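**Student:** So I've got this file, structure02.txt, and it contains compact mmCIF, C-alpha atoms:
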```txt
# COMPACT_ATOMS: atom_id res chain seq x y z
CA SER A 1 36.88 -24.42 11.45
CA GLU A 2 39.50 -24.44 14.19
CA ILE A 3 38.36 -27.86 15.40
CA GLY A 4 38.61 -29.26 11.89
CA THR A 5 42.16 -27.98 11.31
CA ARG A 6 43.36 -29.43 14.63
CA VAL A 7 42.34 -33.02 13.80
CA ILE A 8 43.88 -32.99 10.32
CA ASN A 9 46.90 -35.27 10.13
CA ASP A 10 49.92 -35.02 7.84
CA GLN A 11 48.46 -37.44 5.34
CA ASN A 12 45.43 -35.25 4.59
CA GLU A 13 47.26 -31.94 4.85
CA SER A 14 48.14 -31.82 1.17
CA ARG A 15 44.52 -32.48 0.24
CA VAL A 16 43.30 -29.77 2.58
CA ARG A 17 45.61 -27.25 0.96
CA TYR A 18 43.91 -28.13 -2.30
CA TYR A 19 40.72 -26.52 -0.98
CA LEU A 20 41.79 -23.97 1.62
CA ASP A 21 44.21 -21.07 1.60
CA GLU A 22 46.43 -19.93 4.48
CA ASN A 23 43.45 -18.46 6.32
CA SER A 24 41.49 -21.74 6.08
CA GLN A 25 39.02 -20.25 3.60
CA TRP A 26 37.50 -22.23 0.77
CA MET A 27 39.10 -21.37 -2.57
CA GLY A 28 36.45 -22.67 -4.93
CA PRO A 29 35.45 -25.91 -6.68
CA THR A 30 37.67 -28.95 -6.90
CA LYS A 31 40.48 -29.01 -9.42
CA GLN A 32 40.80 -31.77 -11.97
CA SER A 33 43.66 -34.26 -12.19
CA ASP A 34 45.56 -32.01 -14.62
CA ASN A 35 45.44 -29.20 -12.04
CA LYS A 36 42.76 -27.31 -14.06
CA MET A 37 39.48 -25.96 -12.82
CA PRO A 38 36.39 -27.67 -14.22
CA PRO A 39 34.48 -25.59 -16.77
CA SER A 40 31.65 -23.57 -15.38
CA THR A 41 28.21 -24.88 -16.24
CA ARG A 42 26.31 -21.80 -15.17
CA LYS A 43 26.84 -19.91 -18.41
CA ARG A 44 26.06 -23.03 -20.41
CA ARG A 45 22.77 -23.49 -18.57
CA GLN A 46 21.85 -19.85 -19.07
CA GLN A 47 22.56 -20.08 -22.79
CA LYS A 48 20.54 -23.27 -23.05
CA SER A 49 17.60 -21.72 -21.25
CA GLN A 50 17.72 -18.70 -23.54
CA ASN A 51 17.65 -20.88 -26.64
CA ILE A 52 14.48 -22.67 -25.55
CA PHE A 53 11.50 -21.20 -27.37
CA VAL A 54 8.59 -20.73 -25.00
CA ARG A 55 5.29 -20.34 -26.75
CA GLN A 56 2.89 -18.17 -24.84
CA LEU A 57 -0.68 -18.69 -25.84
CA LYS A 58 -2.41 -15.36 -25.61
CA PRO A 59 -6.14 -15.49 -26.24
CA SER A 60 -7.28 -13.04 -28.85
CA LYS A 61 -10.52 -11.16 -29.36
CA ILE A 62 -11.71 -11.52 -25.76
CA VAL A 63 -14.70 -9.39 -24.86
CA ARG A 64 -15.47 -9.02 -21.16
CA VAL A 65 -19.20 -9.09 -20.56
CA SER A 66 -20.53 -7.90 -17.23
CA THR A 67 -23.16 -9.79 -15.30
CA SER A 68 -25.55 -6.85 -15.68
CA ALA A 69 -25.30 -7.09 -19.48
CA LEU A 70 -25.92 -10.83 -19.34
CA LEU A 71 -28.93 -10.29 -17.08
CA GLU A 72 -30.32 -7.66 -19.43
CA GLU A 73 -30.13 -10.07 -22.36
CA TRP A 74 -31.52 -12.85 -20.21
CA ASN A 75 -34.62 -10.86 -19.25
CA LYS A 76 -35.43 -9.72 -22.80
CA GLY A 77 -38.82 -11.07 -23.76
CA ALA A 78 -39.27 -12.82 -20.40
CA PRO A 79 -42.68 -12.38 -18.76
CA VAL A 80 -42.81 -10.27 -15.64
CA ARG A 81 -43.32 -12.32 -12.49
CA GLU A 82 -46.25 -10.99 -10.52
CA ASP A 83 -46.11 -13.60 -7.79
CA CYS A 84 -43.17 -12.70 -5.52
CA THR A 85 -43.67 -15.55 -3.07
CA ALA A 86 -40.81 -18.00 -3.01
CA SER A 87 -41.23 -21.73 -2.95
CA GLU A 88 -40.28 -23.79 0.06
CA SER A 89 -37.18 -25.21 -1.63
CA ALA A 90 -35.98 -21.71 -2.59
CA THR A 91 -36.50 -20.53 0.98
CA LEU A 92 -34.47 -23.44 2.32
CA SER A 93 -31.68 -22.68 -0.15
CA MET A 94 -31.57 -19.05 0.98
CA LYS A 95 -31.55 -20.20 4.60
CA LYS A 96 -28.62 -22.48 3.83
CA LEU A 97 -26.78 -19.60 2.18
CA ASP A 98 -27.44 -17.35 5.16
CA ASP A 99 -26.14 -19.97 7.60
CA SER A 100 -23.02 -20.59 5.54
CA MET A 101 -22.27 -16.85 5.39
CA LYS A 102 -22.62 -16.63 9.16
CA ASN A 103 -20.20 -19.52 9.60
CA LEU A 104 -17.80 -17.77 7.25
CA THR A 105 -17.80 -14.61 9.35
CA LYS A 106 -17.18 -16.69 12.49
CA SER A 107 -14.11 -18.42 11.04
CA ARG A 108 -10.95 -17.88 13.05
CA THR A 109 -8.53 -20.25 11.33
CA VAL A 110 -7.45 -20.71 7.73
CA CYS A 111 -8.83 -24.25 7.67
CA SER A 112 -12.27 -23.19 8.88
CA LEU A 113 -12.26 -20.26 6.46
CA GLU A 114 -11.54 -22.54 3.51
CA ARG A 115 -14.23 -25.01 4.52
CA ALA A 116 -16.79 -22.25 5.03
CA SER A 117 -15.93 -20.76 1.63
CA LEU A 118 -16.70 -24.10 -0.01
CA ASP A 119 -20.07 -24.20 1.77
CA VAL A 120 -20.90 -20.69 0.57
CA ALA A 121 -20.03 -21.63 -3.02
CA THR A 122 -22.27 -24.69 -2.84
CA ALA A 123 -25.13 -22.67 -1.38
CA LEU A 124 -24.85 -20.01 -4.10
CA ILE A 125 -25.12 -22.64 -6.83
CA ASP A 126 -28.22 -24.05 -5.14
CA VAL A 127 -29.81 -20.59 -4.95
CA ALA A 128 -29.09 -19.87 -8.62
CA ALA A 129 -30.84 -23.10 -9.63
CA HIS A 130 -34.26 -21.79 -8.51
CA ASP A 131 -36.58 -19.78 -10.73
CA GLU A 132 -37.02 -17.25 -7.93
CA CYS A 133 -33.37 -16.17 -8.31
CA GLN A 134 -33.43 -12.75 -9.97
CA ASN A 135 -29.77 -12.80 -11.05
CA PRO A 136 -28.29 -16.29 -11.52
CA PHE A 137 -25.22 -14.85 -13.24
CA ILE A 138 -24.01 -12.98 -10.18
CA CYS A 139 -24.65 -16.08 -8.05
CA VAL A 140 -22.50 -18.40 -10.19
CA GLN A 141 -19.81 -15.72 -10.45
CA GLN A 142 -19.64 -15.26 -6.69
CA ALA A 143 -19.74 -19.04 -6.22
CA ALA A 144 -16.55 -19.40 -8.30
CA ILE A 145 -14.88 -16.65 -6.26
CA PHE A 146 -15.66 -18.38 -2.97
CA ALA A 147 -14.65 -21.74 -4.44
CA SER A 148 -11.23 -20.31 -5.28
CA MET A 149 -10.70 -19.70 -1.56
CA ALA A 150 -11.61 -23.29 -0.65
CA PRO A 151 -9.09 -26.14 -0.26
CA LYS A 152 -7.99 -27.54 -3.60
CA ARG A 153 -8.35 -31.08 -4.99
CA GLY A 154 -9.23 -33.98 -2.70
CA THR A 155 -12.96 -34.68 -2.55
CA ASN A 156 -13.99 -31.02 -2.60
CA ASP A 157 -15.69 -31.45 -5.98
CA GLU A 158 -18.36 -33.73 -4.53
CA PRO A 159 -20.87 -30.90 -3.80
CA PHE A 160 -20.76 -29.90 -7.48
CA LYS A 161 -21.31 -33.37 -8.91
CA LYS A 162 -24.89 -33.62 -10.14
CA PHE A 163 -26.68 -35.67 -12.76
CA LEU A 164 -26.75 -34.04 -16.17
CA PRO A 165 -30.10 -33.58 -17.90
CA VAL A 166 -31.04 -35.53 -20.98
CA GLN A 167 -29.20 -34.38 -24.09
CA THR A 168 -31.20 -31.87 -26.19
CA ARG A 169 -33.58 -31.43 -23.24
CA CYS A 170 -31.41 -29.10 -21.21
CA THR A 171 -33.08 -25.79 -20.36
CA PRO A 172 -31.16 -22.47 -20.45
CA SER A 173 -31.34 -22.22 -16.66
CA GLU A 174 -29.83 -25.67 -16.30
CA ALA A 175 -27.04 -24.72 -18.72
CA ILE A 176 -26.13 -21.73 -16.54
CA ILE A 177 -25.96 -23.91 -13.45
CA ILE A 178 -23.79 -26.47 -15.24
CA LEU A 179 -21.38 -23.75 -16.31
CA GLY A 180 -21.38 -22.40 -12.76
CA ARG A 181 -20.47 -25.82 -11.39
CA ALA A 182 -17.75 -26.09 -14.03
CA ASP A 183 -16.30 -22.73 -12.96
CA CYS A 184 -16.27 -23.85 -9.33
CA MET A 185 -14.48 -27.07 -10.26
CA ARG A 186 -11.98 -25.04 -12.24
CA ALA A 187 -11.34 -22.92 -9.15
CA LEU A 188 -10.81 -26.11 -7.14
CA HIS A 189 -8.24 -27.35 -9.73
CA PHE A 190 -10.49 -30.05 -11.20
CA LEU A 191 -9.70 -28.99 -14.74
CA ASP A 192 -10.70 -32.19 -16.54
CA GLU A 193 -14.14 -32.20 -14.94
CA ALA A 194 -14.63 -28.52 -15.68
CA GLN A 195 -13.61 -29.00 -19.31
CA PHE A 196 -16.05 -31.87 -19.68
CA LEU A 197 -18.99 -29.82 -18.38
CA CYS A 198 -18.13 -26.86 -20.61
CA SER A 199 -17.84 -29.09 -23.68
CA TRP A 200 -21.16 -30.72 -22.79
CA VAL A 201 -22.91 -27.33 -22.73
CA ALA A 202 -21.15 -26.29 -25.95
CA LYS A 203 -22.43 -29.44 -27.67
CA GLU A 204 -25.91 -28.74 -26.41
CA CYS A 205 -25.77 -25.22 -27.85
CA SER A 206 -24.53 -26.50 -31.22
CA LEU A 207 -27.40 -28.98 -31.41
CA ARG A 208 -29.91 -26.24 -30.72
CA ARG A 209 -28.45 -24.16 -33.55
CA ASP A 210 -28.77 -27.03 -36.03
CA GLY A 211 -31.49 -26.00 -38.44
CA ASP A 212 -32.01 -29.52 -39.79
CA ASP A 213 -33.54 -30.79 -36.54
CA ASP A 214 -37.12 -29.57 -36.24
CA GLU A 215 -37.35 -30.53 -32.58
CA LEU A 216 -34.49 -28.16 -31.68
```
Would you kindly transcribe this structure into C-alpha cells?

**Tutor:**
Amino acid sequence: SEIGTRVINDQNESRVRYYLDENSQWMGPTKQSDNKMPPSTRKRRQQKSQNIFVRQLKPSKIVRVSTSALLEEWNKGAPVREDCTASESATLSMKKLDDSMKNLTKSRTVCSLERASLDVATALIDVAAHDECQNPFICVQQAAIFASMAPKRGTNDEPFKKFLPVQTRCTPSEAIIILGRADCMRALHFLDEAQFLCSWVAKECSLRRDGDDDEL
C-alpha cells in the first residue's frame, strides 16, 4: 500500500524489491538463498491424492421393500380384529402424537422445529408399540424421517432408550419397535447404539431359526 511504501527505510528497500515490482505488486512466493524459486507443491499434492486408492463399498443385491408389502406379509394368517375400540394407553399415545404434530406446525424457529420433530418421532414409536396400530411399519418409517430433522447427538437418544425384552422371548411386534428405535438413533447419529440394537434383533432371529431348540 502507499502507507507501507512510505515508511520503508533504505535498509529494508532491497528486501522489499525481492517481493514487489515497480508498481508495488506482489511477484510471487519467496525465493531461496540461491535466488531460485521453491518447487511447487501443488502438483505433488495432486499426484499424491490421485495415487491414493479409495475403496468405495457399494452394497450389492439390495431389494427395496415398500411398507405396504411388509404390511401384507405381516397380516397373512393374522386373525381379523372385530373389536375396534382402542385401549386407554393407545388413546393417550395418539393424543400425544396429535399434540406433538400441532406443536410442529406452530414452530417458527429452527430450534423449535428440531425439538418438535424429535417429539413427533418419539410419539410415533409409542403409537407403533400398541396392538391397535394397523400399520407399525409406516409409523417407524415416519419416525426415522422426523428424527433425521431433530438435533443430532447430545442427549437426544434418551427418548429411544428402553429396556430390552428377555432373550428368546421377544415378540415380533417388539422386534419391529426395537428396529424402529435403532433407525431413529441412526438418524440422530448414534451409530453404535443403532448397530447394537440391530445386531440384537438379528441374533434373536437366528435363535428362532435354530431347529435344534424345541422351545424356539

**Student:** Have a look at A:Arg169, A:Arg209, A:Lys161, A:Lys96 and name the one nearest to Leu197 in chain A; count all atoms listed in the file.

**Tutor:**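 Of A:Arg169, A:Arg209, A:Lys161, A:Lys96, the one nearest Leu197 in chain A is A:Lys161, counting all atoms listed in the file.
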
**Student:** Quick one: distance from CA of Glu204 in chain A to CA of Val140 in chain A in Å, one decimal?

**Tutor:**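 Going from CA of Glu204 in chain A over to CA of Val140 in chain A, I get 19.5 Å.
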
**Student:** State, in Å with one decimal place, the distance from CA of Thr155 in chain A to CA of Phe137 in chain A.

**Tutor:**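 CA of Phe137 in chain A lies 25.6 Å from CA of Thr155 in chain A.
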
**Student:** Which residue out of A:Phe146, A:Arg115, A:Pro151, A:Thr91 has the minimum interatomic distance to His130 in chain A when all atoms listed in the file are used?

**Tutor:**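 Closest to His130 in chain A, using all atoms listed in the file: A:Thr91.
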
**Student:** One decimal, Å: what's the distance from CA of Ala144 in chain A over to CA of Ala129 in chain A, could you say?

**Tutor:**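 Taking CA of Ala144 in chain A as the start and CA of Ala129 in chain A as the end point, the length is 14.8 Å.
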